[in-house]
>>> print(open('final.cif').read())   # mmCIF, N, CA and C atoms
data_start
#
loop_
_atom_site.group_PDB
_atom_site.id
_atom_site.type_symbol
_atom_site.label_atom_id
_atom_site.label_comp_id
_atom_site.auth_asym_id
_atom_site.auth_seq_id
_atom_site.Cartn_x
_atom_site.Cartn_y
_atom_site.Cartn_z
ATOM 1 N N MET A 1 -6.673 -45.865 -61.128
ATOM 2 C CA MET A 1 -6.159 -44.738 -61.816
ATOM 3 C C MET A 1 -5.664 -43.671 -60.851
ATOM 4 N N GLU A 2 -4.617 -43.116 -61.235
ATOM 5 C CA GLU A 2 -4.034 -42.044 -60.447
ATOM 6 C C GLU A 2 -4.579 -40.718 -60.929
ATOM 7 N N GLN A 3 -4.975 -39.916 -59.910
ATOM 8 C CA GLN A 3 -5.474 -38.595 -60.295
ATOM 9 C C GLN A 3 -4.386 -37.583 -60.028
ATOM 10 N N THR A 4 -4.177 -36.780 -60.934
ATOM 11 C CA THR A 4 -3.220 -35.708 -60.756
ATOM 12 C C THR A 4 -3.981 -34.401 -60.794
ATOM 13 N N ALA A 5 -3.651 -33.571 -59.832
ATOM 14 C CA ALA A 5 -4.325 -32.277 -59.758
ATOM 15 C C ALA A 5 -3.394 -31.240 -60.334
ATOM 16 N N ILE A 6 -3.970 -30.442 -61.108
ATOM 17 C CA ILE A 6 -3.185 -29.365 -61.698
ATOM 18 C C ILE A 6 -3.487 -28.109 -60.891
ATOM 19 N N VAL A 7 -2.422 -27.518 -60.403
ATOM 20 C CA VAL A 7 -2.538 -26.295 -59.605
ATOM 21 C C VAL A 7 -2.207 -25.134 -60.514
ATOM 22 N N THR A 8 -3.104 -24.177 -60.478
ATOM 23 C CA THR A 8 -2.905 -23.024 -61.348
ATOM 24 C C THR A 8 -2.515 -21.812 -60.517
ATOM 25 N N LYS A 9 -2.101 -20.804 -61.217
ATOM 26 C CA LYS A 9 -1.735 -19.550 -60.542
ATOM 27 C C LYS A 9 -2.950 -18.999 -59.797
ATOM 28 N N THR A 10 -4.103 -19.174 -60.321
ATOM 29 C CA THR A 10 -5.325 -18.708 -59.673
ATOM 30 C C THR A 10 -5.508 -19.418 -58.335
ATOM 31 N N ASP A 11 -5.209 -20.718 -58.309
ATOM 32 C CA ASP A 11 -5.314 -21.467 -57.054
ATOM 33 C C ASP A 11 -4.354 -20.895 -56.003
ATOM 34 N N PHE A 12 -3.131 -20.603 -56.412
ATOM 35 C CA PHE A 12 -2.157 -20.020 -55.499
ATOM 36 C C PHE A 12 -2.610 -18.643 -55.022
ATOM 37 N N ASP A 13 -3.162 -17.879 -55.925
ATOM 38 C CA ASP A 13 -3.638 -16.539 -55.560
ATOM 39 C C ASP A 13 -4.789 -16.620 -54.553
ATOM 40 N N GLU A 14 -5.685 -17.582 -54.764
ATOM 41 C CA GLU A 14 -6.801 -17.764 -53.823
ATOM 42 C C GLU A 14 -6.286 -18.206 -52.451
ATOM 43 N N LEU A 15 -5.323 -19.137 -52.461
ATOM 44 C CA LEU A 15 -4.724 -19.593 -51.209
ATOM 45 C C LEU A 15 -4.019 -18.440 -50.500
ATOM 46 N N ALA A 16 -3.296 -17.653 -51.236
ATOM 47 C CA ALA A 16 -2.600 -16.506 -50.650
ATOM 48 C C ALA A 16 -3.599 -15.520 -50.063
ATOM 49 N N GLU A 17 -4.691 -15.283 -50.776
ATOM 50 C CA GLU A 17 -5.717 -14.357 -50.274
ATOM 51 C C GLU A 17 -6.364 -14.912 -49.008
ATOM 52 N N ASP A 18 -6.647 -16.224 -48.991
ATOM 53 C CA ASP A 18 -7.212 -16.852 -47.790
ATOM 54 C C ASP A 18 -6.249 -16.717 -46.607
ATOM 55 N N LEU A 19 -4.974 -16.927 -46.861
ATOM 56 C CA LEU A 19 -3.969 -16.793 -45.798
ATOM 57 C C LEU A 19 -3.885 -15.353 -45.292
ATOM 58 N N ARG A 20 -3.895 -14.400 -46.229
ATOM 59 C CA ARG A 20 -3.858 -12.988 -45.823
ATOM 60 C C ARG A 20 -5.078 -12.640 -44.969
ATOM 61 N N GLN A 21 -6.232 -13.106 -45.402
ATOM 62 C CA GLN A 21 -7.461 -12.824 -44.654
ATOM 63 C C GLN A 21 -7.402 -13.483 -43.270
ATOM 64 N N GLY A 22 -6.891 -14.700 -43.205
ATOM 65 C CA GLY A 22 -6.761 -15.391 -41.921
ATOM 66 C C GLY A 22 -5.805 -14.669 -40.982
ATOM 67 N N ILE A 23 -4.703 -14.202 -41.529
ATOM 68 C CA ILE A 23 -3.727 -13.462 -40.717
ATOM 69 C C ILE A 23 -4.330 -12.141 -40.253
ATOM 70 N N THR A 24 -5.051 -11.464 -41.135
ATOM 71 C CA THR A 24 -5.704 -10.202 -40.767
ATOM 72 C C THR A 24 -6.720 -10.430 -39.659
ATOM 73 N N ASP A 25 -7.517 -11.492 -39.784
ATOM 74 C CA ASP A 25 -8.505 -11.822 -38.744
ATOM 75 C C ASP A 25 -7.812 -12.144 -37.416
ATOM 76 N N LEU A 26 -6.718 -12.879 -37.490
ATOM 77 C CA LEU A 26 -5.958 -13.234 -36.289
ATOM 78 C C LEU A 26 -5.384 -11.984 -35.620
ATOM 79 N N LYS A 27 -4.830 -11.084 -36.424
ATOM 80 C CA LYS A 27 -4.295 -9.829 -35.877
ATOM 81 C C LYS A 27 -5.385 -9.029 -35.172
ATOM 82 N N LEU A 28 -6.548 -8.941 -35.817
ATOM 83 C CA LEU A 28 -7.661 -8.200 -35.239
ATOM 84 C C LEU A 28 -8.118 -8.836 -33.927
ATOM 85 N N SER A 29 -8.216 -10.150 -33.931
ATOM 86 C CA SER A 29 -8.629 -10.867 -32.720
ATOM 87 C C SER A 29 -7.625 -10.663 -31.591
ATOM 88 N N LEU A 30 -6.344 -10.777 -31.906
ATOM 89 C CA LEU A 30 -5.301 -10.578 -30.892
ATOM 90 C C LEU A 30 -5.300 -9.145 -30.372
ATOM 91 N N SER A 31 -5.459 -8.214 -31.285
ATOM 92 C CA SER A 31 -5.485 -6.808 -30.888
ATOM 93 C C SER A 31 -6.648 -6.536 -29.939
ATOM 94 N N THR A 32 -7.809 -7.096 -30.257
ATOM 95 C CA THR A 32 -8.986 -6.920 -29.408
ATOM 96 C C THR A 32 -8.756 -7.538 -28.034
ATOM 97 N N ARG A 33 -8.236 -8.751 -28.009
ATOM 98 C CA ARG A 33 -8.004 -9.440 -26.728
ATOM 99 C C ARG A 33 -6.953 -8.715 -25.887
ATOM 100 N N ILE A 34 -5.910 -8.226 -26.532
ATOM 101 C CA ILE A 34 -4.870 -7.495 -25.799
ATOM 102 C C ILE A 34 -5.447 -6.200 -25.234
ATOM 103 N N GLY A 35 -6.267 -5.518 -26.012
ATOM 104 C CA GLY A 35 -6.909 -4.284 -25.528
ATOM 105 C C GLY A 35 -7.798 -4.559 -24.327
ATOM 106 N N GLU A 36 -8.583 -5.633 -24.398
ATOM 107 C CA GLU A 36 -9.449 -5.998 -23.272
ATOM 108 C C GLU A 36 -8.627 -6.366 -22.047
ATOM 109 N N PHE A 37 -7.521 -7.080 -22.264
ATOM 110 C CA PHE A 37 -6.633 -7.446 -21.165
ATOM 111 C C PHE A 37 -6.040 -6.199 -20.505
ATOM 112 N N GLU A 38 -5.612 -5.254 -21.313
ATOM 113 C CA GLU A 38 -5.060 -4.008 -20.778
ATOM 114 C C GLU A 38 -6.098 -3.271 -19.928
ATOM 115 N N GLN A 39 -7.328 -3.225 -20.403
ATOM 116 C CA GLN A 39 -8.382 -2.553 -19.639
ATOM 117 C C GLN A 39 -8.620 -3.248 -18.304
ATOM 118 N N ARG A 40 -8.666 -4.593 -18.321
ATOM 119 C CA ARG A 40 -8.861 -5.333 -17.063
ATOM 120 C C ARG A 40 -7.703 -5.092 -16.101
ATOM 121 N N MET A 41 -6.480 -5.088 -16.620
ATOM 122 C CA MET A 41 -5.304 -4.872 -15.773
ATOM 123 C C MET A 41 -5.317 -3.464 -15.178
ATOM 124 N N GLU A 42 -5.669 -2.468 -15.974
ATOM 125 C CA GLU A 42 -5.751 -1.096 -15.463
ATOM 126 C C GLU A 42 -6.788 -0.995 -14.353
ATOM 127 N N GLN A 43 -7.922 -1.648 -14.545
ATOM 128 C CA GLN A 43 -8.982 -1.637 -13.532
ATOM 129 C C GLN A 43 -8.503 -2.325 -12.256
ATOM 130 N N GLN A 44 -7.871 -3.476 -12.407
ATOM 131 C CA GLN A 44 -7.398 -4.213 -11.240
ATOM 132 C C GLN A 44 -6.287 -3.461 -10.514
ATOM 133 N N LEU A 45 -5.396 -2.838 -11.259
ATOM 134 C CA LEU A 45 -4.330 -2.050 -10.636
ATOM 135 C C LEU A 45 -4.909 -0.853 -9.886
ATOM 136 N N GLY A 46 -5.916 -0.237 -10.474
ATOM 137 C CA GLY A 46 -6.583 0.873 -9.790
ATOM 138 C C GLY A 46 -7.240 0.408 -8.499
ATOM 139 N N ASP A 47 -7.886 -0.757 -8.543
ATOM 140 C CA ASP A 47 -8.519 -1.303 -7.337
ATOM 141 C C ASP A 47 -7.485 -1.614 -6.264
ATOM 142 N N VAL A 48 -6.374 -2.210 -6.676
ATOM 143 C CA VAL A 48 -5.306 -2.545 -5.726
ATOM 144 C C VAL A 48 -4.738 -1.266 -5.107
ATOM 145 N N ALA A 49 -4.516 -0.256 -5.931
ATOM 146 C CA ALA A 49 -3.979 1.005 -5.416
ATOM 147 C C ALA A 49 -4.943 1.635 -4.413
ATOM 148 N N SER A 50 -6.226 1.589 -4.710
ATOM 149 C CA SER A 50 -7.219 2.156 -3.792
ATOM 150 C C SER A 50 -7.231 1.405 -2.466
ATOM 151 N N ARG A 51 -7.218 0.070 -2.541
ATOM 152 C CA ARG A 51 -7.213 -0.722 -1.302
ATOM 153 C C ARG A 51 -5.934 -0.487 -0.514
ATOM 154 N N LEU A 52 -4.818 -0.366 -1.213
ATOM 155 C CA LEU A 52 -3.544 -0.129 -0.545
ATOM 156 C C LEU A 52 -3.544 1.222 0.169
ATOM 157 N N LEU A 53 -4.030 2.251 -0.501
ATOM 158 C CA LEU A 53 -4.103 3.570 0.124
ATOM 159 C C LEU A 53 -5.043 3.571 1.323
ATOM 160 N N THR A 54 -6.173 2.894 1.197
ATOM 161 C CA THR A 54 -7.111 2.803 2.312
ATOM 162 C C THR A 54 -6.455 2.144 3.512
ATOM 163 N N THR A 55 -5.738 1.059 3.268
ATOM 164 C CA THR A 55 -5.062 0.340 4.347
ATOM 165 C C THR A 55 -3.976 1.203 4.978
ATOM 166 N N VAL A 56 -3.221 1.914 4.163
ATOM 167 C CA VAL A 56 -2.163 2.784 4.696
ATOM 168 C C VAL A 56 -2.765 3.887 5.561
ATOM 169 N N PHE A 57 -3.864 4.484 5.119
ATOM 170 C CA PHE A 57 -4.502 5.539 5.908
ATOM 171 C C PHE A 57 -5.069 4.984 7.215
ATOM 172 N N GLN A 58 -5.637 3.784 7.174
ATOM 173 C CA GLN A 58 -6.137 3.174 8.403
ATOM 174 C C GLN A 58 -4.994 2.915 9.378
ATOM 175 N N LEU A 59 -3.883 2.433 8.858
ATOM 176 C CA LEU A 59 -2.711 2.193 9.695
ATOM 177 C C LEU A 59 -2.193 3.502 10.281
ATOM 178 N N ALA A 60 -2.151 4.545 9.470
ATOM 179 C CA ALA A 60 -1.685 5.849 9.944
ATOM 180 C C ALA A 60 -2.593 6.380 11.053
ATOM 181 N N GLU A 61 -3.897 6.205 10.905
ATOM 182 C CA GLU A 61 -4.825 6.657 11.946
ATOM 183 C C GLU A 61 -4.618 5.885 13.237
ATOM 184 N N ALA A 62 -4.415 4.571 13.131
ATOM 185 C CA ALA A 62 -4.177 3.758 14.322
ATOM 186 C C ALA A 62 -2.875 4.168 15.004
ATOM 187 N N LEU A 63 -1.841 4.395 14.212
ATOM 188 C CA LEU A 63 -0.556 4.810 14.790
ATOM 189 C C LEU A 63 -0.655 6.193 15.426
ATOM 190 N N GLN A 64 -1.405 7.098 14.804
ATOM 191 C CA GLN A 64 -1.585 8.427 15.377
ATOM 192 C C GLN A 64 -2.303 8.334 16.718
ATOM 193 N N SER A 65 -3.305 7.479 16.795
ATOM 194 C CA SER A 65 -4.037 7.283 18.041
ATOM 195 C C SER A 65 -3.114 6.744 19.128
ATOM 196 N N ARG A 66 -2.294 5.765 18.771
ATOM 197 C CA ARG A 66 -1.341 5.205 19.749
ATOM 198 C C ARG A 66 -0.328 6.257 20.186
ATOM 199 N N LEU A 67 0.158 7.042 19.248
ATOM 200 C CA LEU A 67 1.127 8.085 19.585
ATOM 201 C C LEU A 67 0.507 9.105 20.532
ATOM 202 N N THR A 68 -0.734 9.466 20.284
ATOM 203 C CA THR A 68 -1.436 10.405 21.167
ATOM 204 C C THR A 68 -1.545 9.828 22.570
ATOM 205 N N ASP A 69 -1.872 8.536 22.670
ATOM 206 C CA ASP A 69 -1.954 7.881 23.975
ATOM 207 C C ASP A 69 -0.607 7.875 24.682
ATOM 208 N N VAL A 70 0.455 7.596 23.944
ATOM 209 C CA VAL A 70 1.801 7.584 24.534
ATOM 210 C C VAL A 70 2.191 8.980 25.002
ATOM 211 N N GLU A 71 1.903 9.988 24.197
ATOM 212 C CA GLU A 71 2.227 11.359 24.592
ATOM 213 C C GLU A 71 1.446 11.768 25.835
ATOM 214 N N ARG A 72 0.192 11.384 25.901
ATOM 215 C CA ARG A 72 -0.640 11.691 27.064
ATOM 216 C C ARG A 72 -0.079 10.979 28.298
ATOM 217 N N SER A 73 0.291 9.733 28.141
ATOM 218 C CA SER A 73 0.862 8.963 29.241
ATOM 219 C C SER A 73 2.190 9.577 29.691
ATOM 220 N N ASP A 74 2.998 10.000 28.737
ATOM 221 C CA ASP A 74 4.275 10.629 29.047
ATOM 222 C C ASP A 74 4.059 11.915 29.841
ATOM 223 N N ALA A 75 3.074 12.686 29.446
ATOM 224 C CA ALA A 75 2.779 13.932 30.164
ATOM 225 C C ALA A 75 2.334 13.624 31.591
ATOM 226 N N ASN A 76 1.537 12.563 31.780
ATOM 227 C CA ASN A 76 1.110 12.182 33.128
ATOM 228 C C ASN A 76 2.287 11.748 33.984
ATOM 229 N N VAL A 77 3.190 10.983 33.396
ATOM 230 C CA VAL A 77 4.380 10.533 34.133
ATOM 231 C C VAL A 77 5.235 11.734 34.518
ATOM 232 N N LYS A 78 5.426 12.666 33.625
ATOM 233 C CA LYS A 78 6.219 13.866 33.933
ATOM 234 C C LYS A 78 5.567 14.676 35.049
ATOM 235 N N HIS A 79 4.252 14.775 35.003
ATOM 236 C CA HIS A 79 3.538 15.521 36.052
ATOM 237 C C HIS A 79 3.719 14.835 37.408
ATOM 238 N N ARG A 80 3.571 13.532 37.447
ATOM 239 C CA ARG A 80 3.747 12.792 38.704
ATOM 240 C C ARG A 80 5.181 12.915 39.217
ATOM 241 N N LEU A 81 6.145 12.837 38.310
ATOM 242 C CA LEU A 81 7.543 12.977 38.706
ATOM 243 C C LEU A 81 7.796 14.370 39.282
ATOM 244 N N ALA A 82 7.225 15.380 38.674
ATOM 245 C CA ALA A 82 7.389 16.741 39.190
ATOM 246 C C ALA A 82 6.779 16.862 40.581
ATOM 247 N N MET A 83 5.623 16.231 40.818
ATOM 248 C CA MET A 83 4.995 16.261 42.145
ATOM 249 C C MET A 83 5.872 15.552 43.169
ATOM 250 N N LEU A 84 6.441 14.401 42.781
ATOM 251 C CA LEU A 84 7.327 13.671 43.697
ATOM 252 C C LEU A 84 8.581 14.487 44.025
ATOM 253 N N GLU A 85 9.142 15.135 43.022
ATOM 254 C CA GLU A 85 10.326 15.971 43.258
ATOM 255 C C GLU A 85 9.990 17.125 44.201
ATOM 256 N N GLU A 86 8.811 17.701 44.021
ATOM 257 C CA GLU A 86 8.383 18.788 44.903
ATOM 258 C C GLU A 86 8.224 18.292 46.341
ATOM 259 N N ARG A 87 7.614 17.139 46.522
ATOM 260 C CA ARG A 87 7.447 16.571 47.869
ATOM 261 C C ARG A 87 8.789 16.252 48.495
ATOM 262 N N LEU A 88 9.690 15.682 47.671
ATOM 263 C CA LEU A 88 11.020 15.356 48.184
ATOM 264 C C LEU A 88 11.749 16.623 48.618
ATOM 265 N N THR A 89 11.617 17.665 47.834
ATOM 266 C CA THR A 89 12.247 18.943 48.197
ATOM 267 C C THR A 89 11.672 19.455 49.520
ATOM 268 N N GLU A 90 10.358 19.351 49.683
ATOM 269 C CA GLU A 90 9.727 19.777 50.943
ATOM 270 C C GLU A 90 10.241 18.947 52.113
ATOM 271 N N LEU A 91 10.368 17.649 51.922
ATOM 272 C CA LEU A 91 10.899 16.785 52.988
ATOM 273 C C LEU A 91 12.342 17.161 53.329
ATOM 274 N N GLU A 92 13.137 17.420 52.298
ATOM 275 C CA GLU A 92 14.526 17.802 52.534
ATOM 276 C C GLU A 92 14.593 19.118 53.307
ATOM 277 N N LYS A 93 13.715 20.063 52.958
ATOM 278 C CA LYS A 93 13.688 21.327 53.691
ATOM 279 C C LYS A 93 13.349 21.089 55.160
ATOM 280 N N ARG A 94 12.335 20.249 55.411
ATOM 281 C CA ARG A 94 11.934 19.974 56.795
ATOM 282 C C ARG A 94 13.067 19.305 57.565
ATOM 283 N N LEU A 95 13.714 18.337 56.911
ATOM 284 C CA LEU A 95 14.811 17.643 57.595
ATOM 285 C C LEU A 95 15.964 18.595 57.886
ATOM 286 N N ASN A 96 16.274 19.462 56.945
ATOM 287 C CA ASN A 96 17.349 20.428 57.160
ATOM 288 C C ASN A 96 16.976 21.420 58.250
ATOM 289 N N LEU A 97 15.731 21.878 58.274
ATOM 290 C CA LEU A 97 15.301 22.801 59.298
ATOM 291 C C LEU A 97 15.323 22.135 60.663
ATOM 292 N N ALA A 98 14.863 20.880 60.708
ATOM 293 C CA ALA A 98 14.845 20.156 61.981
ATOM 294 C C ALA A 98 16.274 19.922 62.474
ATOM 295 N N SER A 99 17.175 19.546 61.585
ATOM 296 C CA SER A 99 18.540 19.298 62.027
ATOM 297 C C SER A 99 19.241 20.600 62.425
ATOM 298 N N GLN A 100 18.909 21.719 61.768
ATOM 299 C CA GLN A 100 19.511 23.005 62.137
ATOM 300 C C GLN A 100 18.986 23.475 63.480
ATOM 301 N N GLN A 101 17.736 23.188 63.754
ATOM 302 C CA GLN A 101 17.180 23.589 65.066
ATOM 303 C C GLN A 101 17.799 22.750 66.169
ATOM 304 N N ARG A 102 18.098 21.505 65.918
ATOM 305 C CA ARG A 102 18.752 20.660 66.932
ATOM 306 C C ARG A 102 20.172 21.110 67.187
ATOM 307 N N VAL A 103 20.829 21.555 66.158
ATOM 308 C CA VAL A 103 22.222 21.985 66.289
ATOM 309 C C VAL A 103 22.290 23.249 67.129
ATOM 310 N N GLN A 104 21.359 24.083 67.027
ATOM 311 C CA GLN A 104 21.408 25.357 67.758
ATOM 312 C C GLN A 104 21.110 25.130 69.147
#
>>> encode(input="final.cif", output="C-alpha cells")
Amino acid sequence: MEQTAIVTKTDFDELAEDLRQGITDLKLSLSTRIGEFEQRMEQQLGDVASRLLTTVFQLAEALQSRLTDVERSDANVKHRLAMLEERLTELEKRLNLASQQRVQ
C-alpha cells in the first residue's frame, strides 16, 4: 500500500517557524564568533604594534650610540689633524728661518 501524507498549512507554518528559529540561531552564533574574532584581532594588532615600537626604539638607541661614537671619532681626527698642521707650520717656520739665515 502506498501511503500518502497530507501536508497542512499548520505543517508549513511549523516548518517556517523552525527555519526562522534556525536562521536566528545561526545569525546569533555568527555574530558571536565574529565579535570574538574582532577582539582577538584587536589584541594581536595591539601586541604587534607594541613589539614593533619596541624594536624601533631599540634600533634608534643603537643608531644613536653609533652616531655618538662616529662624532667622537670625528672630533679626535680633527684634533689630530689640527696638531699635525700646527707642527707642519712650526717646521715651515724653522725651515724658512734657517734658509733666511743662510742667505744673509
>>> atom_distance(input="final.cif", atom1="CA of Arg102 (chain A)", atom2="atom N of Leu84 (chain A)")
27.8 Å
>>> atom_distance(input="final.cif", atom1="atom N of Ala62 (chain A)", atom2="atom C of Ser50 (chain A)")
16.2 Å
>>> atom_distance(input="final.cif", atom1="atom N of Ile6 (chain A)", atom2="atom C of Asp18 (chain A)")
20.1 Å
>>> decode(input="final.cif", residues="region 7-35 of chain A", atoms="C-alpha atoms", output="PDB file, in the first residue's frame")
ATOM      1  CA  VAL A   7       0.533  18.395   4.410  1.00  0.00           C
ATOM      2  CA  THR A   8      -1.465  21.046   6.099  1.00  0.00           C
ATOM      3  CA  LYS A   9      -0.993  24.749   6.488  1.00  0.00           C
ATOM      4  CA  THR A  10      -0.078  24.098  10.106  1.00  0.00           C
ATOM      5  CA  ASP A  11       2.761  21.841   8.958  1.00  0.00           C
ATOM      6  CA  PHE A  12       4.083  24.604   6.699  1.00  0.00           C
ATOM      7  CA  ASP A  13       3.779  27.132   9.497  1.00  0.00           C
ATOM      8  CA  GLU A  14       5.717  24.866  11.869  1.00  0.00           C
ATOM      9  CA  LEU A  15       8.405  24.309   9.232  1.00  0.00           C
ATOM     10  CA  ALA A  16       8.632  28.036   8.591  1.00  0.00           C
ATOM     11  CA  GLU A  17       8.930  28.720  12.321  1.00  0.00           C
ATOM     12  CA  ASP A  18      11.663  26.065  12.652  1.00  0.00           C
ATOM     13  CA  LEU A  19      13.534  27.646   9.739  1.00  0.00           C
ATOM     14  CA  ARG A  20      13.185  31.132  11.224  1.00  0.00           C
ATOM     15  CA  GLN A  21      14.455  29.889  14.573  1.00  0.00           C
ATOM     16  CA  GLY A  22      17.370  28.103  12.880  1.00  0.00           C
ATOM     17  CA  ILE A  23      18.306  31.219  10.932  1.00  0.00           C
ATOM     18  CA  THR A  24      18.048  33.343  14.088  1.00  0.00           C
ATOM     19  CA  ASP A  25      20.292  30.895  15.968  1.00  0.00           C
ATOM     20  CA  LEU A  26      22.771  30.897  13.076  1.00  0.00           C
ATOM     21  CA  LYS A  27      22.841  34.707  12.986  1.00  0.00           C
ATOM     22  CA  LEU A  28      23.451  34.840  16.728  1.00  0.00           C
ATOM     23  CA  SER A  29      26.215  32.251  16.507  1.00  0.00           C
ATOM     24  CA  LEU A  30      27.901  34.061  13.612  1.00  0.00           C
ATOM     25  CA  SER A  31      27.595  37.397  15.351  1.00  0.00           C
ATOM     26  CA  THR A  32      29.195  35.974  18.494  1.00  0.00           C
ATOM     27  CA  ARG A  33      32.043  34.343  16.564  1.00  0.00           C
ATOM     28  CA  ILE A  34      32.700  37.489  14.531  1.00  0.00           C
ATOM     29  CA  GLY A  35      32.768  39.572  17.724  1.00  0.00           C
TER      30      GLY A  35
END
